[in-house]
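**Q** Here it is: the structure, laid out below.
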Amino acid sequence: MSREPRPGEIYLEFHPIGGQVKVTAIDAATGIEVSTFGPASTAQEDLQRVAVRKLKRRISQIAERDGPSSDPTLY
């Protein structure tokens with residue numbers, strides 16, 4: 001079963017690497033992704049918050065660079 005991504009939908013991946021966790025945040029509508037690392041002892045919610053903020057900032061930077069967009073899925 002497949003469905004269209006909803007605006008604002010974000011996929012998160014958590015990959016432990018030694019004493020760290022790599023968190024990847026992907027915007028479902030645009031495919032834009034960012035990654036961040038943090039200590040494995042950090043709460044998952046805190047790592048998630050950092051990754052989502054970084055993704056939103058990246059989407060904003062792209063929107064500013066490319067000018068006005070008619071794509072309603074961009075923040």
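By convention here, the chains of the structure tokens are called A, B, ... in the order presented, each chain's residues are numbered starting at 1, and ligands are numbered starting at 1 in the order presented.
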Find the spatial neighbours of A:Gly19, counting only C-alpha atoms, within a cut-off of 12 Å - ignore same-chain residues fewer than 4 positions away - and output them as JSON, numbers by chain.
**A** {"A": [15, 37, 38, 39, 40, 41, 42]}
**Q** Any chance you can output those residues with all heavy atoms as a short mmCIF file (atom, residue, chain, number, x, y, z; two decimals), in the first residue's frame?
**A**
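As a result, result24.cif now contains:
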```cif
data_model
loop_
_atom_site.label_atom_id
_atom_site.label_comp_id
_atom_site.auth_asym_id
_atom_site.auth_seq_id
_atom_site.Cartn_x
_atom_site.Cartn_y
_atom_site.Cartn_z
N HIS A 15 20.55 5.77 13.91
CA HIS A 15 21.56 4.73 13.71
C HIS A 15 22.64 4.86 14.78
O HIS A 15 23.42 5.82 14.74
CB HIS A 15 22.21 4.85 12.33
CG HIS A 15 21.25 4.66 11.20
ND1 HIS A 15 20.85 3.43 10.77
CD2 HIS A 15 20.61 5.56 10.41
CE1 HIS A 15 20.00 3.57 9.76
NE2 HIS A 15 19.84 4.86 9.54
N PHE A 37 24.67 14.25 14.61
CA PHE A 37 25.16 13.23 15.53
C PHE A 37 25.02 13.73 16.95
O PHE A 37 25.06 14.94 17.21
CB PHE A 37 26.65 12.94 15.28
CG PHE A 37 26.91 12.17 14.03
CD1 PHE A 37 27.03 12.81 12.81
CD2 PHE A 37 27.05 10.80 14.06
CE1 PHE A 37 27.29 12.12 11.65
CE2 PHE A 37 27.31 10.08 12.91
CZ PHE A 37 27.43 10.73 11.71
N GLY A 38 24.87 12.80 17.87
CA GLY A 38 24.83 13.15 19.29
C GLY A 38 25.24 11.95 20.12
O GLY A 38 25.28 10.82 19.63
N PRO A 39 25.54 12.18 21.38
CA PRO A 39 25.91 11.08 22.26
C PRO A 39 24.76 10.08 22.41
O PRO A 39 23.59 10.47 22.44
CB PRO A 39 26.20 11.76 23.60
CG PRO A 39 26.36 13.21 23.31
CD PRO A 39 25.59 13.47 22.06
N ALA A 40 25.10 8.82 22.52
CA ALA A 40 24.08 7.78 22.66
C ALA A 40 23.29 7.96 23.96
O ALA A 40 22.15 7.49 24.07
CB ALA A 40 24.71 6.40 22.60
N SER A 41 23.86 8.65 24.94
CA SER A 41 23.18 8.86 26.22
C SER A 41 22.12 9.97 26.15
O SER A 41 21.33 10.12 27.09
CB SER A 41 24.21 9.21 27.30
OG SER A 41 24.90 10.40 26.95
N THR A 42 22.08 10.72 25.07
CA THR A 42 21.11 11.81 24.91
C THR A 42 19.72 11.24 24.65
O THR A 42 19.58 10.24 23.95
CB THR A 42 21.51 12.73 23.74
OG1 THR A 42 22.83 13.21 23.97
CG2 THR A 42 20.57 13.90 23.59
#
```
**Q** Would you mind listing what lies within 8 Å of A:Ile26 as a tab-separated table (two decimals) with C-alpha atoms, in the first residue's frame, with only C-alpha atoms counted and same-chain residues fewer than 3 positions away left out?
**A**
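Written out: result_26.tsv:
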```tsv
chain	number	residue	atom	x	y	z
A	10	ILE	CA	9.20	14.08	8.25
A	11	TYR	CA	10.87	10.68	8.38
A	12	LEU	CA	13.48	10.09	11.07
A	31	GLY	CA	13.26	14.38	-0.28
A	32	ILE	CA	15.55	16.94	1.36
A	33	GLU	CA	17.56	15.31	4.13
A	34	VAL	CA	19.98	16.32	6.84
A	55	LEU	CA	15.91	20.14	8.40
```
**Q** Atom CA of A:Pro16 and atom CA of A:Ala29, how far apart in Å?
**A**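 If I compute the distance from atom CA of A:Ala29 to atom CA of A:Pro16, I get 26.1 Å.
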**Q** Using backbone DSSP assignments, extract all strand (DSSP E) residues from chain A; output them as a list in words.
**A**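 Across chain A, those assigned strand (DSSP E) are Ile10, Tyr11, Leu12, Glu13, Phe14, His15, Pro16, Ile17, Gln20, Val21, Lys22, Val23, Thr24, Ala25, Ile26, Asp27, Glu33, Val34, Ser35, Thr36, Phe37, Gly38 and Pro39 of chain A.
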**Q** With C-alpha atoms retained, could you export that selection as a PDB file, in the first residue's frame?
**A**
```pdb
ATOM      1  CA  ILE A  10       9.198  14.077   8.248  1.00  0.00           C
ATOM      2  CA  TYR A  11      10.872  10.677   8.377  1.00  0.00           C
ATOM      3  CA  LEU A  12      13.482  10.093  11.074  1.00  0.00           C
ATOM      4  CA  GLU A  13      16.189   7.428  11.150  1.00  0.00           C
ATOM      5  CA  PHE A  14      18.301   6.664  14.225  1.00  0.00           C
ATOM      6  CA  HIS A  15      21.558   4.729  13.711  1.00  0.00           C
ATOM      7  CA  PRO A  16      23.787   3.964  16.702  1.00  0.00           C
ATOM      8  CA  ILE A  17      27.477   4.217  15.816  1.00  0.00           C
ATOM      9  CA  GLN A  20      27.057   8.149  19.202  1.00  0.00           C
ATOM     10  CA  VAL A  21      23.741   8.151  17.365  1.00  0.00           C
ATOM     11  CA  LYS A  22      23.375   9.432  13.824  1.00  0.00           C
ATOM     12  CA  VAL A  23      19.956  10.977  13.260  1.00  0.00           C
ATOM     13  CA  THR A  24      18.749  11.563   9.716  1.00  0.00           C
ATOM     14  CA  ALA A  25      15.651  13.698   9.080  1.00  0.00           C
ATOM     15  CA  ILE A  26      13.996  13.520   5.648  1.00  0.00           C
ATOM     16  CA  ASP A  27      11.210  15.754   4.360  1.00  0.00           C
ATOM     17  CA  GLU A  33      17.558  15.313   4.127  1.00  0.00           C
ATOM     18  CA  VAL A  34      19.982  16.322   6.844  1.00  0.00           C
ATOM     19  CA  SER A  35      21.972  14.377   9.421  1.00  0.00           C
ATOM     20  CA  THR A  36      23.270  15.147  12.866  1.00  0.00           C
ATOM     21  CA  PHE A  37      25.162  13.232  15.529  1.00  0.00           C
ATOM     22  CA  GLY A  38      24.832  13.147  19.285  1.00  0.00           C
ATOM     23  CA  PRO A  39      25.914  11.077  22.262  1.00  0.00           C
TER      24      PRO A  39
END
```
**Q** Which of stretch 6-74 of chain A counts as alpha helix (DSSP H) under DSSP, as an MDAnalysis selection string please?
**A** chainID A and resid 44:66
